[in-house]
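Have a look at the structure below before the remarks.
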Amino acid sequence: MASNESLGMTEELSGRRIVVPETRELGQLVRMLQERGAEAVPCPMIAIRDAPDPTPVEAWLRRFADGACDDLVLMTGEGLRRLLGFARRLSLEPAFLNALGATRKITRGPKPVRALREIGLAADVPADEPTTEGVIAALGRHNLSGRRVGVQLYPDNVNERLLKFLKGAGAEPDPVLPYVYASESDDARVIPSRKR
């Protein structure tokens, strides 16, 4: 595609409708196709929603905003954005951001790093690789004894390995799951009714 663009062929997909299943960089792929003249139809395979029971998330946010955590492990950028949304609705955003600024932030991969940058913060301890093992390896170089560690989980992964590691290192993990996945299709947009 890059070579076609350099030749000025920016509409080689004009008149085509391309259904784009959800990917990690959906927005970027849709823009690239549209720049080449295609009608790109994002077709999410899953939807991301706030945790259906907000009570545990709200309780966690109140503890965190009160300075209960020494460290926070951010597994996903989506998780941080969801926590910010909950904090905003609870009128806890300033307190949450202050606590977040004072807390050592451990990140798994580039997406939580990017989410932190969006709010003017940086990762303190990036994972060696964007996996649970990478987070554990990075944390293994720090003394965690007696520290309370917030752990932002993501759906379908209670991350027992990380929680067990933290307990074994003398830390007290405090996990939170701020969002869930919901299966969803967008058939109406993929196959619009047309008069023939």
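Residues are named by chain letter and number: chains run A, B, ... in the order of the structure tokens, numbers start at 1 in each chain, and ligands are numbered from 1 in the order shown.
Look at range 91-96 of chain A: the protein and nucleic acid residues within 8 Å of it, using only C-alpha atoms and passing over chain neighbours fewer than 5 places away, are Leu61, Arg62, Phe64, Ala65, Asp66 and Leu84 of chain A.
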Export of prior selection with C-alpha atoms as a PDB file, in the first residue's frame:
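After the write, out.pdb holds the following:
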ATOM      1  CA  LEU A  61     -11.642   3.785  43.544  1.00  0.00           C
ATOM      2  CA  ARG A  62     -12.473   5.290  46.922  1.00  0.00           C
ATOM      3  CA  PHE A  64      -7.238   4.208  45.841  1.00  0.00           C
ATOM      4  CA  ALA A  65      -8.175   7.908  45.910  1.00  0.00           C
ATOM      5  CA  ASP A  66      -7.619   7.852  49.698  1.00  0.00           C
ATOM      6  CA  LEU A  84     -11.159   7.408  34.984  1.00  0.00           C
TER       7      LEU A  84
END
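Summary of the local environment: counting only C-alpha atoms, residues at most 7 Å from range 79-83 of chain A, other than itself and those fewer than 4 positions away along its chain, are Asp50, Leu74, Ala87, Ala115, Gln152, Pro178 and Tyr179 of chain A.
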Could you produce a table of the residues of range 3-98 of chain A lying within 12 Å of range 121-140 of chain A, with the nearest pair of atoms per residue and their separation in Å rounded to one decimal, using only C-alpha atoms, ordered by chain and increasing residue number, as a tab-separated table?
residue	atom	partner	partner_atom	distance
A:Asp71	CA	A:Asp124	CA	9.7
A:Leu72	CA	A:Asp124	CA	10.0
A:Val73	CA	A:Val135	CA	8.2
A:Leu74	CA	A:Ala123	CA	9.3
A:Met75	CA	A:Thr132	CA	8.3
A:Thr76	CA	A:Pro130	CA	9.8
A:Gly77	CA	A:Ala123	CA	11.8
A:Leu80	CA	A:Leu121	CA	11.8
A:Leu97	CA	A:Leu121	CA	9.4
A:Asn98	CA	A:Leu121	CA	10.7
Once DSSP has gone over the backbone, tell me which residues of range 37-123 of chain A are in strand (DSSP E or B), as a list in words.
Glu39, Ala40, Val41, Pro42, Cys43, Ile46, Ala47, Ile48, Arg49, Asp50, Asp71, Leu72, Val73, Leu74, Arg104, Lys105, Ile106 and Thr107 of chain A
Mind pulling up the distance from CA of Arg108 in chain A to CA of Arg88 in chain A?
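CA of Arg108 in chain A lies at a distance of 24.1 Å from CA of Arg88 in chain A.
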Taking only C-alpha atoms into account, which of A:Met32, A:Leu153, A:Leu177, A:Leu116 comes nearest Ala59 in chain A?
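Smallest separation from Ala59 in chain A among the options: A:Leu177.
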Counting only C-alpha atoms, which residue out of A:Phe165, A:Cys69, A:Thr107, A:Leu100 sits closest to Gly120 in chain A?
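Selected residue with least distance to Gly120 in chain A: A:Leu100.
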Return as a PyMOL selection string the full set of residues in range 10-158 of chain A whose backbone-based DSSP assignment is alpha helix (DSSP H).
chain A and resi 26-35+54-65+77-89+93-102+110-118+132-139
CA of Arg16 in chain A to CA of Ala38 in chain A: how many Å, to one decimal?
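Between CA of Arg16 in chain A and CA of Ala38 in chain A the gap is 5.2 Å.
Atom pair CA of Pro42 in chain A / CA of Leu29 in chain A: separated by 9.4 Å.
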Find the residues near Arg148 in chain A: any atom within 7 Å, counting only C-alpha atoms, skip ones fewer than 6 places away on the same chain, and give them as a PDB file with C-alpha atoms, in the first residue's frame.
ATOM      1  CA  CYS A  69      -2.126   1.761  47.191  1.00  0.00           C
ATOM      2  CA  ASP A  70       1.619   2.148  46.944  1.00  0.00           C
ATOM      3  CA  ASP A  71       1.724   0.672  43.444  1.00  0.00           C
ATOM      4  CA  ALA A 171       2.689  -7.458  49.013  1.00  0.00           C
ATOM      5  CA  GLU A 172      -1.049  -7.118  49.502  1.00  0.00           C
ATOM      6  CA  PRO A 173      -2.755  -7.172  46.092  1.00  0.00           C
ATOM      7  CA  ASP A 174      -5.941  -5.145  45.642  1.00  0.00           C
TER       8      ASP A 174
END
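Among the candidates A:Arg31, A:Asn157, A:Ala40, A:Leu90, the one nearest to Glu58 in chain A when counting only C-alpha atoms is A:Leu90.
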